[in-house]
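Everything below belongs to my_file22.csv, which stores CSV, C-alpha atoms and all ligand atoms.
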```
chain,number,residue,atom,x,y,z
A,1,MET,CA,-51.0,-107.1,3.9
A,2,GLU,CA,-47.3,-107.8,4.6
A,3,TYR,CA,-44.9,-109.9,2.5
A,4,THR,CA,-43.9,-113.2,3.8
A,5,ALA,CA,-40.2,-114.0,4.0
A,6,TYR,CA,-37.9,-116.9,4.8
A,7,PHE,CA,-35.7,-116.2,7.8
A,8,ASN,CA,-33.4,-118.8,9.3
A,9,GLY,CA,-35.7,-121.7,8.7
A,10,SER,CA,-39.0,-119.9,9.5
A,11,TRP,CA,-41.7,-118.1,7.6
A,12,VAL,CA,-42.1,-114.6,9.0
A,13,PRO,CA,-43.4,-111.2,7.9
A,14,ASN,CA,-40.7,-109.1,6.2
A,15,SER,CA,-40.7,-106.8,9.2
A,16,GLU,CA,-39.5,-109.6,11.4
A,17,ILE,CA,-36.3,-110.1,9.5
A,18,ARG,CA,-33.9,-108.9,12.2
A,19,ILE,CA,-30.2,-108.7,12.1
A,20,ASP,CA,-28.4,-108.9,15.5
A,21,PRO,CA,-25.9,-106.1,15.8
A,22,PHE,CA,-23.3,-108.7,16.7
A,23,ASP,CA,-23.9,-110.6,13.4
A,24,ARG,CA,-20.7,-110.3,11.3
A,25,GLY,CA,-22.9,-109.4,8.3
A,26,PHE,CA,-23.6,-106.1,10.1
A,27,LEU,CA,-20.4,-105.9,12.1
A,28,VAL,CA,-17.8,-106.4,9.4
A,29,GLY,CA,-19.7,-106.7,6.1
A,30,ASP,CA,-19.3,-110.5,6.3
A,31,VAL,CA,-22.2,-111.2,4.0
A,32,VAL,CA,-23.0,-112.1,0.4
A,33,PHE,CA,-26.3,-111.6,-1.4
A,34,GLU,CA,-28.3,-111.9,-4.6
A,35,THR,CA,-31.1,-109.9,-6.2
A,36,GLU,CA,-33.5,-111.2,-8.9
A,37,ARG,CA,-36.7,-109.9,-10.4
A,38,THR,CA,-39.9,-111.6,-11.6
A,39,PHE,CA,-41.6,-111.1,-14.9
A,40,ASN,CA,-45.3,-111.9,-14.7
A,41,GLY,CA,-44.4,-113.6,-11.4
A,42,LYS,CA,-41.7,-115.9,-12.7
A,43,VAL,CA,-38.2,-115.3,-11.4
A,44,PHE,CA,-35.8,-114.5,-14.2
A,45,ARG,CA,-32.8,-116.8,-14.5
A,46,LEU,CA,-33.1,-117.9,-10.9
A,47,ARG,CA,-30.7,-120.8,-11.3
A,48,GLU,CA,-28.0,-118.5,-12.6
A,49,HIS,CA,-28.4,-116.2,-9.7
A,50,ILE,CA,-28.2,-119.1,-7.2
A,51,GLU,CA,-25.1,-120.4,-8.9
A,52,ARG,CA,-23.5,-116.9,-8.6
A,53,LEU,CA,-24.6,-116.8,-4.9
A,54,TYR,CA,-22.8,-120.1,-4.3
A,55,ARG,CA,-19.7,-118.9,-6.1
A,56,SER,CA,-19.7,-115.9,-3.7
A,57,LEU,CA,-20.1,-118.3,-0.8
A,58,THR,CA,-17.3,-120.4,-2.0
A,59,TYR,CA,-15.0,-117.4,-2.4
A,60,THR,CA,-15.8,-116.0,1.0
A,61,ARG,CA,-15.8,-119.4,2.7
A,62,ILE,CA,-19.3,-118.8,4.2
A,63,ASP,CA,-21.4,-122.0,4.7
A,64,SER,CA,-25.1,-121.3,4.2
A,65,GLU,CA,-25.9,-124.8,5.5
A,66,LEU,CA,-28.4,-125.1,2.6
A,67,SER,CA,-27.7,-126.7,-0.8
A,68,PRO,CA,-28.1,-124.6,-3.9
A,69,GLU,CA,-31.2,-126.7,-4.7
A,70,GLU,CA,-32.7,-125.9,-1.3
A,71,MET,CA,-32.0,-122.2,-1.8
A,72,LEU,CA,-33.6,-122.3,-5.2
A,73,ASP,CA,-36.7,-124.1,-3.8
A,74,ILE,CA,-37.0,-121.6,-0.9
A,75,SER,CA,-36.7,-118.7,-3.3
A,76,GLU,CA,-39.5,-120.0,-5.5
A,77,GLU,CA,-41.6,-120.7,-2.4
A,78,VAL,CA,-41.2,-117.1,-1.2
A,79,VAL,CA,-42.5,-115.9,-4.5
A,80,ARG,CA,-45.4,-118.3,-4.4
A,81,ARG,CA,-46.4,-117.3,-0.9
A,82,ASN,CA,-46.6,-113.6,-2.0
A,83,GLU,CA,-48.2,-114.1,-5.4
A,84,HIS,CA,-51.6,-112.9,-4.2
A,85,LEU,CA,-49.9,-109.5,-3.5
A,86,ARG,CA,-48.3,-109.1,-6.9
A,87,SER,CA,-51.1,-107.5,-8.8
A,88,ASP,CA,-50.7,-104.2,-6.9
A,89,VAL,CA,-47.1,-103.8,-7.7
A,90,GLY,CA,-46.6,-105.6,-11.1
A,91,ASP,CA,-43.6,-107.7,-10.2
A,92,PHE,CA,-41.3,-108.5,-7.4
A,93,THR,CA,-37.6,-108.1,-6.6
A,94,VAL,CA,-36.3,-111.2,-4.8
A,95,HIS,CA,-33.4,-110.8,-2.3
A,96,GLN,CA,-31.3,-113.5,-0.7
A,97,PHE,CA,-28.6,-112.8,1.8
A,98,VAL,CA,-26.3,-115.1,3.8
A,99,THR,CA,-24.1,-113.8,6.6
A,100,ARG,CA,-21.4,-115.7,8.4
A,101,GLY,CA,-23.4,-115.3,11.6
A,102,LYS,CA,-22.4,-114.2,15.1
A,103,ASN,CA,-18.8,-114.1,16.4
A,104,GLY,CA,-17.7,-116.7,18.9
A,105,PRO,CA,-15.8,-115.6,22.0
A,106,ARG,CA,-12.5,-115.1,20.1
A,107,PHE,CA,-14.0,-112.9,17.4
A,108,ARG,CA,-12.6,-115.0,14.5
A,109,ALA,CA,-14.3,-115.4,11.2
A,110,ARG,CA,-13.5,-119.2,11.2
A,111,ASP,CA,-15.4,-119.7,14.5
A,112,ALA,CA,-18.5,-117.7,13.6
A,113,GLY,CA,-21.9,-119.1,13.0
A,114,PRO,CA,-24.5,-120.4,12.4
A,115,PRO,CA,-25.1,-118.3,9.3
A,116,THR,CA,-28.0,-115.9,9.0
A,117,VAL,CA,-30.0,-116.7,5.9
A,118,SER,CA,-33.0,-114.8,4.5
A,119,VAL,CA,-35.0,-114.7,1.2
A,120,ARG,CA,-37.7,-112.0,0.8
A,121,VAL,CA,-39.5,-110.1,-1.9
A,122,SER,CA,-40.3,-106.4,-2.3
A,123,PRO,CA,-41.9,-104.5,-5.2
A,124,VAL,CA,-39.7,-103.6,-8.1
A,125,SER,CA,-38.9,-99.9,-7.8
A,126,PHE,CA,-40.0,-99.0,-11.3
A,127,GLY,CA,-40.0,-95.3,-10.4
A,128,ARG,CA,-36.3,-95.2,-10.1
A,129,TYR,CA,-35.8,-95.6,-13.8
A,130,ALA,CA,-39.1,-95.6,-15.8
A,131,GLU,CA,-38.3,-92.3,-17.4
A,132,ALA,CA,-34.7,-93.3,-18.3
A,133,TYR,CA,-35.9,-95.6,-21.1
A,134,SER,CA,-36.8,-92.6,-23.2
A,135,SER,CA,-34.5,-89.9,-21.9
A,136,GLY,CA,-31.4,-92.0,-21.2
A,137,VAL,CA,-29.1,-91.3,-18.2
A,138,HIS,CA,-25.9,-89.4,-17.5
A,139,GLY,CA,-23.0,-91.6,-16.8
A,140,VAL,CA,-20.3,-89.9,-14.7
A,141,ILE,CA,-16.9,-91.4,-14.2
A,142,SER,CA,-16.0,-91.4,-10.5
A,143,ARG,CA,-12.6,-91.1,-9.0
A,144,VAL,CA,-13.4,-94.1,-6.8
A,145,ARG,CA,-11.8,-97.2,-8.2
A,146,SER,CA,-13.3,-100.7,-8.3
A,147,TYR,CA,-11.7,-103.2,-5.9
A,148,SER,CA,-9.1,-105.3,-7.6
A,149,SER,CA,-9.3,-109.0,-7.5
A,150,GLU,CA,-6.2,-109.0,-5.4
A,151,SER,CA,-8.1,-107.3,-2.5
A,152,LEU,CA,-11.8,-108.3,-2.9
A,153,ASP,CA,-12.8,-109.8,-6.2
A,154,PRO,CA,-15.6,-107.7,-7.7
A,155,LYS,CA,-17.1,-110.9,-9.1
A,156,ILE,CA,-18.6,-111.6,-5.7
A,157,LYS,CA,-21.8,-109.9,-4.6
A,158,THR,CA,-21.3,-108.5,-1.1
A,159,TYR,CA,-22.8,-105.7,0.9
A,160,SER,CA,-19.3,-104.4,1.5
A,161,ARG,CA,-20.0,-101.4,-0.7
A,162,MET,CA,-18.6,-98.3,0.9
A,163,HIS,CA,-16.7,-97.5,-2.2
A,164,PHE,CA,-20.0,-97.5,-4.1
A,165,ASN,CA,-21.6,-95.2,-1.6
A,166,LEU,CA,-18.6,-92.8,-1.9
A,167,ALA,CA,-18.9,-92.9,-5.7
A,168,GLU,CA,-22.6,-92.1,-5.6
A,169,MET,CA,-22.0,-89.1,-3.3
A,170,GLU,CA,-19.1,-87.8,-5.4
A,171,VAL,CA,-21.1,-88.1,-8.6
A,172,ALA,CA,-24.2,-86.5,-7.0
A,173,ASP,CA,-21.9,-83.4,-6.3
A,174,ILE,CA,-21.5,-83.2,-10.1
A,175,ASP,CA,-25.0,-84.2,-11.2
A,176,PRO,CA,-27.6,-85.2,-8.7
A,177,GLU,CA,-29.1,-87.5,-11.4
A,178,GLY,CA,-25.7,-88.9,-12.5
A,179,TRP,CA,-25.1,-92.6,-12.6
A,180,PRO,CA,-21.5,-93.4,-11.4
A,181,ILE,CA,-19.1,-95.3,-13.6
A,182,LEU,CA,-16.0,-96.8,-11.9
A,183,THR,CA,-12.6,-97.6,-13.3
A,184,ASP,CA,-9.9,-100.0,-12.3
A,185,LEU,CA,-6.4,-99.0,-11.2
A,186,GLY,CA,-5.3,-98.9,-14.8
A,187,GLY,CA,-8.0,-96.4,-15.7
A,188,HIS,CA,-10.1,-98.9,-17.6
A,189,LEU,CA,-13.9,-98.6,-17.3
A,190,THR,CA,-15.4,-101.3,-15.0
A,191,GLU,CA,-19.0,-101.0,-14.0
A,192,GLY,CA,-21.5,-98.9,-12.0
A,193,THR,CA,-22.6,-99.1,-8.4
A,194,SER,CA,-25.2,-101.8,-9.3
A,195,TYR,CA,-24.9,-102.3,-13.1
A,196,ASN,CA,-22.6,-103.4,-15.8
A,197,MET,CA,-21.8,-101.2,-18.8
A,198,PHE,CA,-21.8,-101.6,-22.5
A,199,LEU,CA,-20.9,-99.4,-25.5
A,200,VAL,CA,-21.7,-99.8,-29.2
A,201,THR,CA,-19.1,-98.7,-31.7
A,202,ASP,CA,-19.5,-99.4,-35.4
A,203,GLY,CA,-22.2,-102.0,-34.9
A,204,VAL,CA,-20.1,-103.9,-32.3
A,205,ILE,CA,-21.3,-104.3,-28.7
A,206,ARG,CA,-18.3,-103.8,-26.3
A,207,THR,CA,-18.1,-104.4,-22.6
A,208,PRO,CA,-15.3,-104.6,-20.0
A,209,THR,CA,-13.9,-108.1,-19.4
A,210,ASP,CA,-15.0,-109.7,-16.1
A,211,ARG,CA,-11.6,-109.0,-14.5
A,212,ALA,CA,-13.0,-106.3,-12.2
A,213,VAL,CA,-16.8,-106.5,-12.6
A,214,LEU,CA,-19.7,-108.6,-11.3
A,215,GLN,CA,-20.6,-111.2,-13.9
A,216,GLY,CA,-24.1,-109.7,-14.3
A,217,VAL,CA,-26.9,-112.1,-15.2
A,218,SER,CA,-28.3,-109.2,-17.3
A,219,ARG,CA,-24.9,-108.9,-18.9
A,220,GLY,CA,-25.2,-112.6,-19.8
A,221,MET,CA,-28.6,-112.0,-21.2
A,222,VAL,CA,-27.3,-109.3,-23.5
A,223,PHE,CA,-24.7,-111.8,-24.8
A,224,ASP,CA,-27.5,-114.2,-25.5
A,225,LEU,CA,-29.8,-111.7,-27.2
A,226,ALA,CA,-26.9,-110.3,-29.3
A,227,ARG,CA,-26.1,-113.8,-30.5
A,228,GLN,CA,-29.8,-114.2,-31.5
A,229,LEU,CA,-29.8,-110.8,-33.2
A,230,ASP,CA,-26.5,-111.5,-35.0
A,231,ILE,CA,-24.8,-108.5,-33.3
A,232,PRO,CA,-21.1,-109.1,-32.5
A,233,VAL,CA,-20.0,-108.7,-28.8
A,234,VAL,CA,-16.5,-108.2,-27.6
A,235,GLU,CA,-15.2,-108.2,-24.0
A,236,GLU,CA,-12.1,-105.9,-23.8
A,237,ASP,CA,-10.4,-103.1,-21.9
A,238,LEU,CA,-12.3,-99.8,-22.5
A,239,GLN,CA,-11.1,-96.3,-21.7
A,240,PRO,CA,-13.2,-93.1,-21.1
A,241,TYR,CA,-12.3,-92.2,-24.7
A,242,ASP,CA,-14.3,-95.2,-25.9
A,243,LEU,CA,-17.3,-94.1,-23.9
A,244,TYR,CA,-17.2,-90.5,-25.1
A,245,THR,CA,-16.9,-91.5,-28.7
A,246,ALA,CA,-19.3,-94.4,-28.7
A,247,ASP,CA,-22.4,-94.6,-31.0
A,248,GLU,CA,-24.4,-95.9,-28.1
A,249,ALA,CA,-24.0,-96.8,-24.4
A,250,PHE,CA,-26.2,-98.6,-21.9
A,251,PHE,CA,-26.1,-100.1,-18.5
A,252,THR,CA,-27.6,-103.5,-17.6
A,253,THR,CA,-29.0,-104.7,-14.2
A,254,THR,CA,-31.7,-106.8,-12.9
A,255,SER,CA,-34.7,-104.6,-12.4
A,256,PRO,CA,-34.6,-102.3,-15.5
A,257,CYS,CA,-32.7,-104.8,-17.6
A,258,VAL,CA,-31.3,-102.2,-20.0
A,259,VAL,CA,-30.8,-98.5,-19.3
A,260,PRO,CA,-29.8,-96.2,-22.2
A,261,VAL,CA,-26.9,-93.8,-21.4
A,262,THR,CA,-27.1,-90.7,-23.5
A,263,LYS,CA,-24.6,-88.5,-21.8
A,264,ALA,CA,-21.2,-89.2,-20.3
A,265,ASP,CA,-19.2,-86.7,-18.3
A,266,ASN,CA,-21.3,-83.9,-19.8
A,267,ARG,CA,-20.6,-85.0,-23.4
A,268,GLN,CA,-23.6,-86.0,-25.4
A,269,ILE,CA,-23.3,-89.6,-26.8
A,270,ALA,CA,-23.9,-89.6,-30.5
A,271,ASP,CA,-27.2,-87.8,-31.1
A,272,GLY,CA,-28.1,-87.8,-27.4
A,273,LYS,CA,-31.0,-90.3,-27.8
A,274,PRO,CA,-31.2,-94.0,-26.8
A,275,GLY,CA,-29.5,-95.9,-29.6
A,276,PRO,CA,-31.1,-98.4,-32.1
A,277,ILE,CA,-29.1,-101.4,-30.8
A,278,THR,CA,-30.0,-100.5,-27.2
A,279,LEU,CA,-33.6,-100.3,-28.1
A,280,GLN,CA,-33.4,-103.5,-30.2
A,281,LEU,CA,-32.0,-105.4,-27.2
A,282,LEU,CA,-34.7,-104.0,-24.9
A,283,ALA,CA,-37.4,-105.1,-27.4
A,284,ALA,CA,-35.9,-108.6,-27.7
A,285,TRP,CA,-35.8,-108.9,-23.9
A,286,SER,CA,-39.4,-107.9,-23.6
A,287,GLU,CA,-40.3,-110.5,-26.2
A,288,THR,CA,-38.4,-113.2,-24.3
A,289,VAL,CA,-40.1,-112.5,-21.0
A,290,GLY,CA,-43.6,-111.9,-22.5
A,291,LEU,CA,-44.2,-108.4,-21.3
A,292,ASP,CA,-43.3,-104.9,-22.4
A,293,ILE,CA,-40.6,-103.9,-20.0
A,294,VAL,CA,-40.9,-100.2,-20.6
A,295,ASP,CA,-44.7,-100.1,-20.5
A,296,GLN,CA,-44.8,-102.0,-17.3
A,297,ALA,CA,-42.2,-99.7,-15.7
A,298,LEU,CA,-44.2,-96.6,-16.7
A,299,MET,CA,-47.5,-98.2,-15.5
A,300,TYR,CA,-46.2,-99.0,-12.0
A,301,ALA,CA,-43.8,-96.2,-11.5
A,302,LYS,CA,-44.2,-94.4,-8.2
A,303,ASP,CA,-41.9,-91.7,-6.9
A,401,LIG,C1,-21.8,-104.0,-8.8
A,401,LIG,C2,-22.8,-104.6,-9.7
A,401,LIG,N1,-22.5,-104.8,-11.0
A,401,LIG,C3,-23.4,-105.3,-11.8
A,401,LIG,C4,-24.7,-105.6,-11.4
A,401,LIG,C5,-25.7,-106.2,-12.4
A,401,LIG,O1,-25.9,-107.6,-12.2
A,401,LIG,P1,-27.2,-108.3,-12.6
A,401,LIG,O2,-27.4,-108.1,-14.0
A,401,LIG,O3,-27.0,-109.7,-12.2
A,401,LIG,O4,-28.3,-107.7,-11.8
A,401,LIG,C6,-25.0,-105.5,-10.1
A,401,LIG,C7,-26.4,-105.9,-9.6
A,401,LIG,O5,-26.8,-105.5,-8.6
A,401,LIG,C8,-24.1,-105.0,-9.2
A,401,LIG,O6,-24.4,-104.8,-7.9
```

As structure tokens - that is how I would like this structure written.
Ligand SMILES: Cc1ncc(COP(=O)(O)O)c(C=O)c1O
Amino acid sequence: MEYTAYFNGSWVPNSEIRIDPFDRGFLVGDVVFETERTFNGKVFRLREHIERLYRSLTYTRIDSELSPEEMLDISEEVVRRNEHLRSDVGDFTVHQFVTRGKNGPRFRARDAGPPTVSVRVSPVSFGRYAEAYSSGVHGVISRVRSYSSESLDPKIKTYSRMHFNLAEMEVADIDPEGWPILTDLGGHLTEGTSYNMFLVTDGVIRTPTDRAVLQGVSRGMVFDLARQLDIPVVEEDLQPYDLYTADEAFFTTTSPCVVPVTKADNRQIADGKPGPITLQLLAAWSETVGLDIVDQALMYAKD
């Protein structure tokens, strides 16, 4: 009962996805990736994720040797081939990665290849956040700064994430359950280690500009839902002050969609409960995808 994956043109069990230690994806983090999830077995906003993947490929000058349409078809095929295993886990996370491949004799990025390409599924790890919908989480600002677009633009999705690892470790020293929040060199809030961030102040949804954050697909969904619900959204520079004094705060990312933030740097946000607009967005999202996101997470949550 193993999941079937696409790996360099073949269909293999997940356990046979192997990365050569001389592949530059492993050797020097020369790799981009994407992560989606399914709702009732249908991949959410797959085309947008594939478009973002190809923007990451363009920026890094990695050639996947597949067209976006082929990558999209392969991704859907991976989900189809595993559909019979979905009832046990609720829904799937879908992962694509593309590395630049192995070095040539002169160890230069421009001579490397062919690329290593894989698409696979795994169960959504509902257990990581199911309780957070009611309790909210503690956002902790880390001393680790986001990359600036002058070094490695945070708009690309790459496994070069040592700064995120360091932020997670540092925040765990303060609160083992804390969720890191990074800032840019100017001290503006950017994003978390795998999520975008939002505040609500006086009925307005506020989020950092995309200068130093991933252009989250879930972030885009919040823009769309807010438009439908007639709630104004602004993208602007935000400081820790704005977080501490917000009426609501939440993170967005692919699997949980919306995660309420009820505490920031040990300060309770408003009344310390998930806020009404946060919950309204979550409900509207559930309605759009045709399942109750919170109920599903609670039903399938495992430690
Ligand atoms: C650094 C970072 N920011 C934001 C996000 C949220 O993006 P999305 O909503 O597309 O999952 C992710 C997702 O993994 C991420 O890695």

### Summary
Of A:Val32, A:Val234, A:Ala130, A:Met197, the one sitting nearest Ser64 (chain A) when using all atoms listed in the file is A:Val32

### Task
Could you give me, as a list in words, the residues within 10 Å of Val222 (chain A), counting only C-alpha atoms and dropping anything in the same chain fewer than 4 positions from it?
Phe198, Ile205, Gly216, Val217, Ser218, Ala226, Arg227, Gln228, Val233, Thr252, Cys257, Val258, Thr278, Leu281, Leu282, Ala284 and Trp285 of chain A

Neighbouring residues of ligand LIG 401 (chain A) are defined here as those with any atom at most 10 Å from a ligand atom, counting all atoms listed in the file; list them as an mmCIF file with C-alpha atoms, in the coordinates of the input.
```
data_model
loop_
_atom_site.group_PDB
_atom_site.id
_atom_site.type_symbol
_atom_site.label_atom_id
_atom_site.label_comp_id
_atom_site.auth_asym_id
_atom_site.auth_seq_id
_atom_site.Cartn_x
_atom_site.Cartn_y
_atom_site.Cartn_z
ATOM 1 C CA PHE A 33 -26.300 -111.600 -1.400
ATOM 2 C CA GLU A 34 -28.300 -111.900 -4.600
ATOM 3 C CA THR A 35 -31.100 -109.900 -6.200
ATOM 4 C CA GLU A 36 -33.500 -111.200 -8.900
ATOM 5 C CA ARG A 37 -36.700 -109.900 -10.400
ATOM 6 C CA ARG A 45 -32.800 -116.800 -14.500
ATOM 7 C CA GLU A 48 -28.000 -118.500 -12.600
ATOM 8 C CA HIS A 49 -28.400 -116.200 -9.700
ATOM 9 C CA ARG A 52 -23.500 -116.900 -8.600
ATOM 10 C CA SER A 146 -13.300 -100.700 -8.300
ATOM 11 C CA PRO A 154 -15.600 -107.700 -7.700
ATOM 12 C CA LYS A 155 -17.100 -110.900 -9.100
ATOM 13 C CA ILE A 156 -18.600 -111.600 -5.700
ATOM 14 C CA LYS A 157 -21.800 -109.900 -4.600
ATOM 15 C CA THR A 158 -21.300 -108.500 -1.100
ATOM 16 C CA TYR A 159 -22.800 -105.700 0.900
ATOM 17 C CA ARG A 161 -20.000 -101.400 -0.700
ATOM 18 C CA PHE A 164 -20.000 -97.500 -4.100
ATOM 19 C CA LEU A 182 -16.000 -96.800 -11.900
ATOM 20 C CA THR A 190 -15.400 -101.300 -15.000
ATOM 21 C CA GLU A 191 -19.000 -101.000 -14.000
ATOM 22 C CA GLY A 192 -21.500 -98.900 -12.000
ATOM 23 C CA THR A 193 -22.600 -99.100 -8.400
ATOM 24 C CA SER A 194 -25.200 -101.800 -9.300
ATOM 25 C CA TYR A 195 -24.900 -102.300 -13.100
ATOM 26 C CA ASN A 196 -22.600 -103.400 -15.800
ATOM 27 C CA MET A 197 -21.800 -101.200 -18.800
ATOM 28 C CA ALA A 212 -13.000 -106.300 -12.200
ATOM 29 C CA VAL A 213 -16.800 -106.500 -12.600
ATOM 30 C CA LEU A 214 -19.700 -108.600 -11.300
ATOM 31 C CA GLN A 215 -20.600 -111.200 -13.900
ATOM 32 C CA GLY A 216 -24.100 -109.700 -14.300
ATOM 33 C CA VAL A 217 -26.900 -112.100 -15.200
ATOM 34 C CA SER A 218 -28.300 -109.200 -17.300
ATOM 35 C CA ARG A 219 -24.900 -108.900 -18.900
ATOM 36 C CA GLY A 220 -25.200 -112.600 -19.800
ATOM 37 C CA MET A 221 -28.600 -112.000 -21.200
ATOM 38 C CA VAL A 222 -27.300 -109.300 -23.500
ATOM 39 C CA PHE A 251 -26.100 -100.100 -18.500
ATOM 40 C CA THR A 252 -27.600 -103.500 -17.600
ATOM 41 C CA THR A 253 -29.000 -104.700 -14.200
ATOM 42 C CA THR A 254 -31.700 -106.800 -12.900
ATOM 43 C CA SER A 255 -34.700 -104.600 -12.400
ATOM 44 C CA PRO A 256 -34.600 -102.300 -15.500
ATOM 45 C CA CYS A 257 -32.700 -104.800 -17.600
ATOM 46 C CA VAL A 258 -31.300 -102.200 -20.000
#
```

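Contact shell of Ser122 (chain A) at 7 Å (all atoms listed in the file; same-chain neighbours under 5 positions omitted): A:Phe92, A:Thr93, A:Val94.
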
May I have the residues from that selection written out with C-alpha atoms, as a CSV table (one decimal), in the frame of the given file?
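Result file follows (result-v4.csv):
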```
chain,number,residue,atom,x,y,z
A,92,PHE,CA,-41.3,-108.5,-7.4
A,93,THR,CA,-37.6,-108.1,-6.6
A,94,VAL,CA,-36.3,-111.2,-4.8
```

### Message
When you look at Glu76 (chain A) with a cut-off of 12 Å (counting all atoms listed in the file), what residues show up, excluding the ones that are within fewer than 2 positions of it in the same chain? I need them as a PyMOL selection string.
### Response
chain A and resi 5-6+36-38+41-47+50+69-74+78-83+92+94-96+119-121

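The protein and nucleic acid residues lying at most 10 Å from Val144 (chain A) are Ile141, Ser142, Ser146, Tyr147, His163, Phe164, Asn165, Leu166, Ala167, Glu168, Glu170, Val171, Pro180, Ile181, Leu182, Thr183, Asp184 and Leu185 of chain A, with all atoms listed in the file considered and sequence neighbours fewer than 2 positions away removed.
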
C-alpha atoms of the current selection, written as a short mmCIF file (atom, residue, chain, number, x, y, z; two decimals), keeping the file's coordinate frame:
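Result file follows (result.cif):
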```cif
data_model
loop_
_atom_site.label_atom_id
_atom_site.label_comp_id
_atom_site.auth_asym_id
_atom_site.auth_seq_id
_atom_site.Cartn_x
_atom_site.Cartn_y
_atom_site.Cartn_z
CA ILE A 141 -16.90 -91.40 -14.20
CA SER A 142 -16.00 -91.40 -10.50
CA SER A 146 -13.30 -100.70 -8.30
CA TYR A 147 -11.70 -103.20 -5.90
CA HIS A 163 -16.70 -97.50 -2.20
CA PHE A 164 -20.00 -97.50 -4.10
CA ASN A 165 -21.60 -95.20 -1.60
CA LEU A 166 -18.60 -92.80 -1.90
CA ALA A 167 -18.90 -92.90 -5.70
CA GLU A 168 -22.60 -92.10 -5.60
CA GLU A 170 -19.10 -87.80 -5.40
CA VAL A 171 -21.10 -88.10 -8.60
CA PRO A 180 -21.50 -93.40 -11.40
CA ILE A 181 -19.10 -95.30 -13.60
CA LEU A 182 -16.00 -96.80 -11.90
CA THR A 183 -12.60 -97.60 -13.30
CA ASP A 184 -9.90 -100.00 -12.30
CA LEU A 185 -6.40 -99.00 -11.20
#
```

### Task
State, in Å with one decimal place, the distance from CA of Ile293 (chain A) to CA of Gln268 (chain A).
25.3 Å

Show which residues sit within 6 Å of Gly101 (chain A), as a CSV table (one decimal) with C-alpha atoms, in the frame of the given file. Count all atoms listed in the file, and ignore same-chain residues fewer than 3 positions away.
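Produced file part_23.csv, reproduced below:
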```
chain,number,residue,atom,x,y,z
A,23,ASP,CA,-23.9,-110.6,13.4
A,24,ARG,CA,-20.7,-110.3,11.3
A,112,ALA,CA,-18.5,-117.7,13.6
A,113,GLY,CA,-21.9,-119.1,13.0
A,114,PRO,CA,-24.5,-120.4,12.4
A,115,PRO,CA,-25.1,-118.3,9.3
A,116,THR,CA,-28.0,-115.9,9.0
```

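Going from CA of Val140 (chain A) over to CA of Asp265 (chain A), you cover 4.9 Å.
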
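Distances to Ser10 (chain A) were evaluated for A:Ser118, A:Gln239, A:Thr58, A:Ser75 using only C-alpha atoms, and the minimum falls at A:Ser118.
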
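The residues that lie within 8 Å of the point (-35.9, -116.1, 10.7), counting all atoms listed in the file, are Tyr6, Phe7, Asn8, Gly9, Ser10, Trp11, Val12, Glu16, Ile17, Arg18, Val117 and Ser118 of chain A.
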
#### Entry: Distance criterion (only C-alpha atoms): nearest to Pro276 (chain A) out of A:Val200, A:Leu243, A:Leu238, A:Ala172
A:Val200

Within 12 Å of region 297-301 of chain A, which residues of region 130-155 of chain A show up? Give each one with its shortest atom-to-atom distance in Å (one decimal) and the two atoms involved, counting all atoms listed in the file, rows by chain then rising residue number, as a Markdown table.
```
| residue | atom | partner | partner_atom | distance |
| --- | --- | --- | --- | --- |
| A:Ala130 | CA | A:Ala297 | CA | 5.1 |
| A:Glu131 | CA | A:Leu298 | CA | 7.3 |
| A:Ala132 | CA | A:Leu298 | CA | 10.2 |
| A:Tyr133 | CA | A:Ala297 | CA | 9.3 |
| A:Ser134 | CA | A:Leu298 | CA | 10.6 |
```

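A straight line drawn from CA of Thr201 (chain A) to CA of Val289 (chain A) is 27.3 Å long.
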